[in-house]
file data04.txt (compact mmCIF, C-alpha atoms)
# COMPACT_ATOMS: atom_id res chain seq x y z
CA MET A 25 12.95 -2.77 6.50
CA ALA A 26 10.76 -5.85 6.11
CA THR A 27 9.20 -7.87 8.92
CA LEU A 28 8.74 -10.97 6.78
CA LYS A 29 10.72 -13.84 8.33
CA VAL A 30 12.03 -16.41 5.85
CA PRO A 31 13.78 -19.57 7.12
CA THR A 32 17.50 -19.93 6.51
CA HIS A 33 16.85 -23.18 4.64
CA VAL A 34 13.73 -22.93 2.51
CA PRO A 35 12.27 -26.20 1.16
CA ALA A 36 12.06 -26.69 -2.60
CA PRO A 37 8.89 -25.25 -4.23
CA SER A 38 7.78 -28.80 -5.02
CA GLU A 39 7.96 -29.72 -1.32
CA ASP A 40 6.03 -26.59 -0.29
CA ALA A 41 3.42 -27.27 -2.97
CA GLU A 42 3.04 -30.87 -1.72
CA GLN A 43 2.61 -29.75 1.88
CA LEU A 44 0.02 -27.16 0.86
CA ARG A 45 -1.88 -29.78 -1.16
CA LYS A 46 -1.97 -31.97 1.95
CA ALA A 47 -3.23 -28.98 3.97
CA PHE A 48 -6.25 -28.78 1.62
CA GLU A 49 -7.07 -32.50 1.74
CA GLY A 50 -9.01 -34.48 4.34
CA TRP A 51 -11.94 -33.41 6.50
CA GLY A 52 -10.60 -30.02 7.49
CA THR A 53 -8.14 -27.55 6.05
CA ASN A 54 -4.84 -27.26 7.92
CA GLU A 55 -4.78 -23.45 8.20
CA GLN A 56 -1.66 -23.40 10.37
CA MET A 57 0.29 -25.23 7.67
CA ILE A 58 -0.80 -22.60 5.14
CA ILE A 59 0.38 -19.81 7.47
CA ASP A 60 3.65 -21.59 8.28
CA ILE A 61 4.52 -21.79 4.59
CA LEU A 62 3.03 -18.75 2.83
CA ALA A 63 3.66 -16.21 5.62
CA HIS A 64 7.35 -17.16 5.59
CA ARG A 65 8.21 -17.05 1.87
CA ASN A 66 9.22 -14.00 -0.13
CA ALA A 67 7.49 -12.89 -3.34
CA ALA A 68 9.80 -14.85 -5.65
CA GLN A 69 9.37 -18.01 -3.56
CA ARG A 70 5.57 -17.63 -3.48
CA ASN A 71 5.51 -17.22 -7.26
CA LEU A 72 7.48 -20.47 -7.66
CA ILE A 73 5.07 -22.27 -5.33
CA ARG A 74 2.10 -21.05 -7.41
CA LYS A 75 3.75 -22.15 -10.65
CA THR A 76 4.85 -25.54 -9.28
CA TYR A 77 1.45 -26.22 -7.69
CA GLY A 78 -0.36 -25.52 -10.95
CA GLN A 79 2.00 -27.73 -12.97
CA THR A 80 1.82 -30.59 -10.46
CA TYR A 81 -1.89 -30.66 -9.60
CA GLY A 82 -3.51 -29.13 -12.66
CA GLU A 83 -5.32 -26.47 -10.68
CA ASP A 84 -4.51 -22.81 -10.12
CA PHE A 85 -3.14 -22.39 -6.60
CA LEU A 86 -5.27 -19.30 -5.93
CA THR A 87 -8.38 -21.26 -6.92
CA SER A 88 -7.48 -23.96 -4.39
CA LEU A 89 -7.02 -21.32 -1.67
CA ASP A 90 -10.32 -19.71 -2.58
CA LYS A 91 -12.16 -23.03 -2.25
CA GLU A 92 -10.60 -23.93 1.10
CA LEU A 93 -10.50 -20.61 2.98
CA SER A 94 -13.03 -17.95 3.89
CA SER A 95 -13.59 -14.42 5.22
CA ASP A 96 -10.76 -12.15 6.43
CA PHE A 97 -8.23 -14.98 6.63
CA GLU A 98 -8.85 -15.89 2.99
CA ARG A 99 -8.44 -12.27 1.89
CA ALA A 100 -5.15 -11.90 3.79
CA VAL A 101 -3.71 -15.16 2.39
CA LEU A 102 -4.82 -14.46 -1.18
CA LEU A 103 -3.53 -10.88 -1.16
CA PHE A 104 -0.17 -11.85 0.27
CA THR A 105 0.24 -14.77 -2.14
CA LEU A 106 -0.16 -12.50 -5.17
CA ASP A 107 2.89 -11.03 -6.87
CA PRO A 108 3.25 -7.43 -5.57
CA ALA A 109 2.44 -5.78 -8.93
CA GLU A 110 -0.50 -8.14 -9.47
CA ARG A 111 -1.72 -7.39 -5.93
CA ASP A 112 -1.53 -3.64 -6.43
CA ALA A 113 -3.37 -3.91 -9.75
CA TYR A 114 -6.15 -5.83 -8.00
CA LEU A 115 -6.30 -3.33 -5.11
CA ALA A 116 -6.40 -0.40 -7.55
CA ASN A 117 -9.18 -2.01 -9.57
CA GLU A 118 -11.23 -2.64 -6.42
CA ALA A 119 -10.64 0.97 -5.41
CA THR A 120 -11.95 2.32 -8.73
CA LYS A 121 -15.26 0.57 -8.01
CA ARG A 122 -15.59 2.36 -4.68
CA PHE A 123 -14.85 5.97 -5.62
CA PRO A 124 -14.80 8.44 -4.01
CA SER A 125 -14.31 6.65 -0.66
CA SER A 126 -11.23 4.76 -1.88
CA ASN A 127 -9.38 7.60 -3.62
CA TRP A 128 -6.82 7.05 -0.86
CA VAL A 129 -5.94 3.54 -2.03
CA ILE A 130 -5.10 4.77 -5.54
CA MET A 131 -3.01 7.59 -4.08
CA GLU A 132 -1.28 5.20 -1.65
CA ILE A 133 -0.21 2.84 -4.43
CA ALA A 134 0.96 5.68 -6.68
CA CYS A 135 2.99 7.43 -3.98
CA THR A 136 4.57 4.63 -1.94
CA ARG A 137 5.84 2.42 -4.74
CA SER A 138 9.06 3.10 -6.65
CA SER A 139 8.82 4.29 -10.25
CA HIS A 140 9.62 0.80 -11.54
CA GLU A 141 7.15 -0.83 -9.16
CA LEU A 142 4.39 1.54 -10.27
CA PHE A 143 5.27 0.88 -13.90
CA ASN A 144 4.90 -2.86 -13.21
CA VAL A 145 1.52 -2.22 -11.56
CA ARG A 146 0.35 -0.47 -14.74
CA LYS A 147 1.57 -3.41 -16.84
CA ALA A 148 -0.17 -5.91 -14.54
CA TYR A 149 -3.36 -3.84 -14.75
CA HIS A 150 -3.20 -3.93 -18.57
CA ALA A 151 -2.73 -7.69 -18.56
CA ARG A 152 -5.51 -8.47 -16.09
CA TYR A 153 -8.21 -5.93 -16.95
CA LYS A 154 -7.51 -5.26 -20.66
CA LYS A 155 -7.45 -1.51 -20.13
CA SER A 156 -5.15 0.99 -18.48
CA LEU A 157 -5.10 2.04 -14.85
CA GLU A 158 -4.99 5.66 -16.00
CA GLU A 159 -8.19 5.37 -18.03
CA ASP A 160 -10.06 3.67 -15.18
CA VAL A 161 -8.98 6.33 -12.68
CA ALA A 162 -9.88 9.09 -15.15
CA HIS A 163 -13.26 7.48 -15.77
CA HIS A 164 -14.23 6.99 -12.13
CA ALA A 165 -12.64 10.03 -10.48
CA THR A 166 -14.07 13.53 -10.98
CA GLY A 167 -13.08 17.17 -10.53
CA ASP A 168 -10.03 17.95 -8.41
CA TYR A 169 -9.61 14.27 -7.53
CA ARG A 170 -9.13 13.41 -11.20
CA LYS A 171 -6.67 16.32 -11.62
CA LEU A 172 -4.50 14.85 -8.84
CA LEU A 173 -4.92 11.09 -9.23
CA VAL A 174 -4.42 10.65 -12.98
CA PRO A 175 -0.93 12.23 -13.04
CA LEU A 176 -0.05 10.40 -9.82
CA VAL A 177 -0.74 6.96 -11.31
CA SER A 178 0.92 8.00 -14.60
CA ALA A 179 4.14 9.21 -12.97
CA PHE A 180 7.62 7.80 -13.48
CA ARG A 181 9.62 9.86 -10.98
CA TYR A 182 13.38 10.11 -10.95
CA GLU A 183 14.65 7.90 -8.11
CA GLY A 184 18.06 9.46 -7.48
CA ASP A 185 19.22 11.63 -4.57
CA GLU A 186 20.26 14.67 -6.64
CA VAL A 187 18.56 17.89 -5.58
CA ASN A 188 18.41 21.32 -7.24
CA MET A 189 18.22 23.81 -4.35
CA THR A 190 17.48 26.78 -6.62
CA LEU A 191 14.49 24.89 -7.97
CA ALA A 192 13.46 23.84 -4.44
CA LYS A 193 13.38 27.48 -3.31
CA SER A 194 11.43 28.71 -6.34
CA GLU A 195 8.89 25.87 -6.14
CA ALA A 196 8.47 26.32 -2.39
CA LYS A 197 7.48 29.93 -3.15
CA ILE A 198 5.05 28.79 -5.86
CA LEU A 199 3.42 26.34 -3.44
CA HIS A 200 3.17 28.97 -0.70
CA ASP A 201 1.63 31.54 -3.08
CA LYS A 202 -0.98 29.10 -4.37
CA ILE A 203 -1.86 27.78 -0.90
CA SER A 204 -2.07 31.31 0.53
CA HIS A 205 -4.69 32.12 -2.10
CA LYS A 206 -6.44 28.77 -1.50
CA HIS A 207 -5.69 27.60 -5.04
CA TYR A 208 -5.13 24.07 -3.77
CA SER A 209 -5.79 22.29 -7.06
CA ASP A 210 -3.86 24.77 -9.20
CA GLU A 211 -1.97 23.09 -12.04
CA GLU A 212 1.36 24.23 -10.58
CA VAL A 213 0.61 22.56 -7.22
CA ILE A 214 -0.42 19.38 -9.04
CA ARG A 215 2.65 19.51 -11.31
CA ILE A 216 5.11 19.80 -8.42
CA VAL A 217 3.49 17.12 -6.27
CA THR A 218 2.98 14.61 -9.06
CA THR A 219 6.24 14.89 -11.04
CA ARG A 220 9.17 15.83 -8.79
CA SER A 221 11.43 13.15 -7.36
CA LYS A 222 10.90 12.36 -3.70
CA ALA A 223 14.33 13.82 -2.87
CA GLN A 224 13.53 17.04 -4.74
CA LEU A 225 10.09 17.27 -3.14
CA ASN A 226 11.60 16.81 0.33
CA ALA A 227 14.05 19.64 -0.35
CA THR A 228 11.22 21.88 -1.55
CA LEU A 229 9.06 21.15 1.49
CA ASN A 230 11.96 21.63 3.90
CA HIS A 231 12.61 25.05 2.37
CA TYR A 232 8.87 25.81 2.56
CA ASN A 233 8.98 25.12 6.30
CA THR A 234 12.12 27.22 6.83
CA ALA A 235 11.11 30.16 4.65
CA PHE A 236 7.46 30.47 5.64
CA GLY A 237 7.47 29.18 9.23
CA ASN A 238 4.96 26.38 8.77
CA ALA A 239 5.03 22.82 7.47
CA ILE A 240 3.03 22.65 4.23
CA ASN A 241 0.55 20.16 5.67
CA LYS A 242 -0.28 22.63 8.45
CA ASP A 243 -1.10 25.28 5.86
CA LEU A 244 -3.24 22.73 4.03
CA LYS A 245 -5.48 22.35 7.08
CA ALA A 246 -7.28 25.65 6.42
CA ASP A 247 -10.53 23.76 5.91
CA PRO A 248 -10.45 20.53 7.98
CA LYS A 249 -13.65 19.25 6.31
CA ASP A 250 -12.38 19.64 2.75
CA GLU A 251 -11.96 16.06 1.45
CA PHE A 252 -9.65 17.06 -1.40
CA LEU A 253 -7.34 18.83 1.06
CA LYS A 254 -7.27 15.67 3.20
CA LEU A 255 -6.22 13.67 0.14
CA LEU A 256 -3.58 16.26 -0.83
CA ARG A 257 -2.11 16.20 2.70
CA ALA A 258 -2.06 12.40 2.66
CA THR A 259 -0.33 12.48 -0.74
CA ILE A 260 2.45 14.67 0.63
CA LYS A 261 2.77 12.45 3.71
CA CYS A 262 2.96 9.31 1.55
CA LEU A 263 5.69 10.83 -0.62
CA THR A 264 7.81 12.12 2.27
CA VAL A 265 7.12 10.04 5.42
CA PRO A 266 5.20 6.92 4.33
CA GLU A 267 5.64 5.21 7.72
CA LYS A 268 3.60 8.00 9.35
CA TYR A 269 0.88 7.66 6.73
CA PHE A 270 0.63 3.89 7.21
CA GLU A 271 0.68 4.23 11.00
CA LYS A 272 -2.37 6.47 10.78
CA VAL A 273 -4.18 4.05 8.45
CA LEU A 274 -3.51 1.18 10.89
CA ARG A 275 -4.49 3.26 13.93
CA GLN A 276 -7.78 4.29 12.35
CA ALA A 277 -8.48 0.73 11.14
CA ILE A 278 -7.94 -0.74 14.62
CA ASN A 279 -9.43 2.02 16.77
CA ARG A 280 -12.69 2.55 14.91
CA LEU A 281 -15.92 0.99 16.16
CA GLY A 282 -15.67 -2.34 14.35
CA THR A 283 -12.25 -3.01 12.84
CA ASP A 284 -11.67 -1.95 9.23
CA GLU A 285 -10.29 -5.34 8.19
CA TRP A 286 -9.90 -4.27 4.55
CA ALA A 287 -7.48 -1.45 5.47
CA LEU A 288 -5.68 -3.55 8.08
CA THR A 289 -5.17 -6.43 5.64
CA ARG A 290 -4.10 -4.12 2.81
CA VAL A 291 -1.38 -2.39 4.82
CA VAL A 292 0.02 -5.55 6.44
CA THR A 293 0.13 -7.58 3.20
CA THR A 294 1.63 -4.79 1.10
CA ARG A 295 4.23 -3.51 3.60
CA ALA A 296 5.45 -6.73 5.29
CA GLU A 297 8.19 -7.09 2.65
CA VAL A 298 8.98 -3.37 2.48
CA ASP A 299 9.01 -1.10 5.53
CA MET A 300 6.87 -2.67 8.24
CA VAL A 301 9.70 -2.34 10.79
CA ARG A 302 9.54 1.47 10.49
CA ILE A 303 5.73 1.42 10.56
CA LYS A 304 5.77 -0.66 13.76
CA GLU A 305 8.22 1.76 15.37
CA GLU A 306 6.02 4.70 14.41
CA TYR A 307 2.92 2.90 15.68
CA GLN A 308 4.45 2.23 19.10
CA LYS A 309 5.74 5.79 19.36
CA ARG A 310 2.33 7.25 18.48
CA ASN A 311 0.11 4.85 20.46
CA SER A 312 2.30 3.64 23.37
CA VAL A 313 1.41 0.05 22.48
CA THR A 314 3.05 -2.39 20.06
CA LEU A 315 1.35 -3.10 16.76
CA GLU A 316 1.46 -6.83 17.63
CA LYS A 317 -0.55 -6.20 20.80
CA ALA A 318 -3.03 -3.97 18.98
CA VAL A 319 -3.58 -6.53 16.20
CA ALA A 320 -3.92 -9.41 18.70
CA GLY A 321 -6.48 -7.41 20.68
CA ASP A 322 -8.58 -6.59 17.64
CA THR A 323 -8.51 -9.79 15.56
CA SER A 324 -8.82 -13.50 16.24
CA GLY A 325 -8.22 -17.01 14.95
CA ASP A 326 -6.35 -17.78 11.75
CA TYR A 327 -6.69 -14.19 10.54
CA GLU A 328 -4.90 -12.96 13.67
CA ARG A 329 -2.17 -15.60 13.30
CA MET A 330 -1.59 -14.70 9.64
CA LEU A 331 -1.27 -10.97 10.36
CA LEU A 332 1.01 -11.52 13.36
CA ALA A 333 3.29 -13.79 11.28
CA LEU A 334 3.55 -11.13 8.58
CA ILE A 335 4.47 -8.37 11.02
CA GLY A 336 7.28 -10.53 12.41
CA CYS A 337 5.75 -11.99 15.55
CA GLY A 338 7.23 -15.36 16.57
CA ASP A 339 9.97 -17.57 15.17
CA VAL A 340 10.22 -19.43 11.86

call {"tool": "encode", "arguments": {"input": "data04.txt", "output": "structure tokens"}}
result
Amino acid sequence: MATLKVPTHVPAPSEDAEQLRKAFEGWGTNEQMIIDILAHRNAAQRNLIRKTYGQTYGEDFLTSLDKELSSDFERAVLLFTLDPAERDAYLANEATKRFPSSNWVIMEIACTRSSHELFNVRKAYHARYKKSLEEDVAHHATGDYRKLLVPLVSAFRYEGDEVNMTLAKSEAKILHDKISHKHYSDEEVIRIVTTRSKAQLNATLNHYNTAFGNAINKDLKADPKDEFLKLLRATIKCLTVPEKYFEKVLRQAINRLGTDEWALTRVVTTRAEVDMVRIKEEYQKRNSVTLEKAVAGDTSGDYERMLLALIGCGDV
């Protein structure tokens, strides 16, 4: 469930565009006005504002934002203003430039979006970068990472709830056999993780737990320092319990020495319209503090106000 709060009566896009233009004019930018509008409009409404602004003032709205804002606040506003598929394409492209440290971002996008959303990300990537997401991932990733990430970003999983229990049992055994022999990047492991529907994968992993007495991610902790195993465990978590994956990303971003603003901004801007309510619940359960309090204690100024608005703090 989303935390984005949209007013009951939303002004016309032309009115929002006019107010935002006024926020950019004069001696100082009116950052609060920008937050009050953009942090309280859904993706379709933000797209209309961008289109209307460009038609009315002859300048791309994102260009205006870029000229007026700076630092972490600018990044948060720009990312959230983008259409979700366009945003993910940008995040994926940035991640390909930072391999191997940002393998996780590619995996996160591939595993936590629906099949249609991921397909739209690939289309947006084509349009913006004049090449495919798959070819960029294949070019920049190497070894076992490439074996896992390329099929993940290429996937178009079945989205239904139907489950084949016979298949779940047989594939649970395959996974257990391969993991027992430490064949973590075996093609059968990759095939199951990257192609099965989330419902089918959940059934397989539940049977794995029941039949073999351990959750699969526990068995994948044989070598805690193995970076590929960490990515494989995170992949399974993203596909089955994404709120727990995102809670961990937020916890690590906030608790590290010096906040990881890039990770914090990425999670808040991409999940505010999706499942941030569940992520907040998981965060409070795991850390005994609300996400709002953690964000407020670790950020400041307009950046803090933008993030808090997106995670549902305050009224509209």

call {"tool": "atom_distance", "arguments": {"input": "data04.txt", "atom1": "CA of Thr76 (chain A)", "atom2": "CA of Gly336 (chain A)"}}
result
26.5 Å

call {"tool": "residues_around", "arguments": {"input": "data04.txt", "residues": "region 223-227 of chain A", "least_positions_apart": "6", "cutoff": "9 Å", "atoms": "only C-alpha atoms", "output": "number ranges by chain"}}
result
A: 182-189, 191-193, 196, 216-217, 260, 263-264

call {"tool": "closest_residue", "arguments": {"input": "data04.txt", "among": "A:Glu118, A:Asp60, A:Glu158, A:Glu267", "to": "Glu305 (chain A)", "atoms": "all atoms listed in the file"}}
result
A:Glu267

call {"tool": "closest_residue", "arguments": {"input": "data04.txt", "among": "A:Phe252, A:Tyr232, A:Phe48, A:Tyr327", "to": "Glu285 (chain A)", "atoms": "only C-alpha atoms"}}
result
A:Tyr327

call {"tool": "residues_around", "arguments": {"input": "data04.txt", "residues": "Ala116 (chain A)", "least_positions_apart": "5", "cutoff": "8 Å", "atoms": "all atoms listed in the file", "output": "list in words"}}
result
Val129, Ile130, Ile133 and Leu157 of chain A

call {"tool": "residues_around", "arguments": {"input": "data04.txt", "residues": "Ala63 (chain A)", "least_positions_apart": "2", "cutoff": "9 Å", "atoms": "all atoms listed in the file", "output": "VMD selection string"}}
result
chain A and resid 28 to 30 58 to 61 65 to 66 101 104 to 105 330 to 331 333 to 334

call {"tool": "atom_distance", "arguments": {"input": "data04.txt", "atom1": "CA of Thr293 (chain A)", "atom2": "CA of Lys171 (chain A)"}}
result
28.9 Å

call {"tool": "closest_residue", "arguments": {"input": "data04.txt", "among": "A:Glu195, A:Asp112, A:Asp250, A:Asp201", "to": "His231 (chain A)", "atoms": "all atoms listed in the file"}}
result
A:Glu195

call {"tool": "residues_around", "arguments": {"input": "data04.txt", "residues": "Arg302 (chain A)", "least_positions_apart": "4", "cutoff": "9 Å", "atoms": "all atoms listed in the file", "output": "ChimeraX atom specification"}}
result
/A:25-26,267-268,306-307

call {"tool": "residues_around", "arguments": {"input": "data04.txt", "residues": "Asp210 (chain A)", "least_positions_apart": "3", "cutoff": "10 Å", "atoms": "all atoms listed in the file", "output": "list in words"}}
result
Asp168, Lys171, Leu172, Leu199, Lys202, Ile203, Lys206, His207, Val213, Ile214 and Arg215 of chain A

call {"tool": "atom_distance", "arguments": {"input": "data04.txt", "atom1": "CA of Val273 (chain A)", "atom2": "CA of Thr166 (chain A)"}}
result
23.8 Å

call {"tool": "closest_residue", "arguments": {"input": "data04.txt", "among": "A:Leu173, A:Val313, A:Leu93, A:Met300", "to": "Gln56 (chain A)", "atoms": "only C-alpha atoms"}}
result
A:Leu93

call {"tool": "closest_residue", "arguments": {"input": "data04.txt", "among": "A:Asp243, A:Phe97, A:Thr136, A:Val161", "to": "Ser324 (chain A)", "atoms": "all atoms listed in the file"}}
result
A:Phe97

call {"tool": "closest_atom_pairs", "arguments": {"input": "data04.txt", "of": "region 98-176 of chain A", "to": "region 86-92 of chain A", "cutoff": "10 Å", "atoms": "all atoms listed in the file", "output": "tab-separated table"}}
result
residue	atom	partner	partner_atom	distance
A:Glu98	CA	A:Asp90	CA	6.9
A:Arg99	CA	A:Asp90	CA	8.9
A:Val101	CA	A:Leu89	CA	8.1
A:Leu102	CA	A:Leu86	CA	6.8
A:Leu103	CA	A:Leu86	CA	9.8
A:Thr105	CA	A:Leu86	CA	8.1
A:Leu106	CA	A:Leu86	CA	8.5

call {"tool": "closest_residue", "arguments": {"input": "data04.txt", "among": "A:Val145, A:Ala239, A:Leu274, A:Ala119", "to": "Ala165 (chain A)", "atoms": "all atoms listed in the file"}}
result
A:Ala119

call {"tool": "closest_atom_pairs", "arguments": {"input": "data04.txt", "of": "region 82-154 of chain A", "to": "region 38-41 of chain A", "cutoff": "12 Å", "atoms": "all atoms listed in the file", "output": "Markdown table"}}
result
| residue | atom | partner | partner_atom | distance |
| --- | --- | --- | --- | --- |
| A:Glu83 | CA | A:Ala41 | CA | 11.7 |
| A:Asp84 | CA | A:Ala41 | CA | 11.6 |
| A:Phe85 | CA | A:Ala41 | CA | 8.9 |
| A:Ser88 | CA | A:Ala41 | CA | 11.5 |

call {"tool": "decode", "arguments": {"input": "data04.txt", "residues": "region 86-105 of chain A", "atoms": "N, CA, C and O atoms", "output": "short mmCIF file (atom, residue, chain, number, x, y, z; two decimals), in the first residue's frame"}}
result
data_model
loop_
_atom_site.label_atom_id
_atom_site.label_comp_id
_atom_site.auth_asym_id
_atom_site.auth_seq_id
_atom_site.Cartn_x
_atom_site.Cartn_y
_atom_site.Cartn_z
N LEU A 86 11.87 19.38 -16.07
CA LEU A 86 13.02 18.82 -15.36
C LEU A 86 14.24 19.74 -15.45
O LEU A 86 15.02 19.85 -14.51
N THR A 87 14.36 20.43 -16.58
CA THR A 87 15.46 21.40 -16.74
C THR A 87 15.29 22.54 -15.76
O THR A 87 16.26 23.00 -15.13
N SER A 88 14.06 23.02 -15.61
CA SER A 88 13.79 24.10 -14.63
C SER A 88 14.13 23.64 -13.22
O SER A 88 14.75 24.38 -12.45
N LEU A 89 13.73 22.43 -12.86
CA LEU A 89 14.04 21.90 -11.53
C LEU A 89 15.55 21.81 -11.33
O LEU A 89 16.07 22.18 -10.27
N ASP A 90 16.23 21.33 -12.35
CA ASP A 90 17.68 21.16 -12.26
C ASP A 90 18.39 22.50 -12.04
O ASP A 90 19.38 22.59 -11.30
N LYS A 91 17.87 23.55 -12.65
CA LYS A 91 18.50 24.88 -12.51
C LYS A 91 18.24 25.49 -11.14
O LYS A 91 19.06 26.25 -10.62
N GLU A 92 17.09 25.15 -10.54
CA GLU A 92 16.69 25.81 -9.30
C GLU A 92 17.08 25.06 -8.03
O GLU A 92 17.22 25.68 -6.97
N LEU A 93 17.26 23.74 -8.12
CA LEU A 93 17.51 22.94 -6.92
C LEU A 93 18.93 22.40 -6.91
O LEU A 93 19.65 22.49 -7.89
N SER A 94 19.31 21.82 -5.77
CA SER A 94 20.66 21.29 -5.67
C SER A 94 20.72 20.12 -4.68
O SER A 94 19.80 19.90 -3.90
N SER A 95 21.80 19.39 -4.75
CA SER A 95 22.18 18.32 -3.82
C SER A 95 21.11 17.24 -3.66
O SER A 95 20.39 16.90 -4.59
N ASP A 96 20.98 16.70 -2.44
CA ASP A 96 20.09 15.56 -2.20
C ASP A 96 18.62 15.90 -2.44
O ASP A 96 17.85 15.06 -2.90
N PHE A 97 18.24 17.13 -2.14
CA PHE A 97 16.85 17.56 -2.37
C PHE A 97 16.55 17.52 -3.86
O PHE A 97 15.50 17.02 -4.28
N GLU A 98 17.46 18.03 -4.67
CA GLU A 98 17.26 18.01 -6.12
C GLU A 98 17.10 16.58 -6.62
O GLU A 98 16.20 16.27 -7.41
N ARG A 99 17.96 15.68 -6.17
CA ARG A 99 17.90 14.30 -6.63
C ARG A 99 16.56 13.66 -6.27
O ARG A 99 15.95 12.96 -7.08
N ALA A 100 16.09 13.91 -5.04
CA ALA A 100 14.83 13.33 -4.60
C ALA A 100 13.66 13.85 -5.45
O ALA A 100 12.78 13.09 -5.88
N VAL A 101 13.63 15.17 -5.68
CA VAL A 101 12.54 15.78 -6.46
C VAL A 101 12.57 15.29 -7.90
O VAL A 101 11.54 14.89 -8.46
N LEU A 102 13.76 15.29 -8.51
CA LEU A 102 13.87 14.86 -9.91
C LEU A 102 13.47 13.40 -10.08
O LEU A 102 12.72 13.05 -10.99
N LEU A 103 13.97 12.54 -9.19
CA LEU A 103 13.64 11.12 -9.29
C LEU A 103 12.15 10.88 -9.14
O LEU A 103 11.55 10.11 -9.90
N PHE A 104 11.54 11.54 -8.16
CA PHE A 104 10.12 11.31 -7.93
C PHE A 104 9.27 11.87 -9.06
O PHE A 104 8.21 11.33 -9.38
N THR A 105 9.73 12.95 -9.68
CA THR A 105 8.95 13.57 -10.76
C THR A 105 8.93 12.70 -12.01
O THR A 105 7.96 12.73 -12.77
#
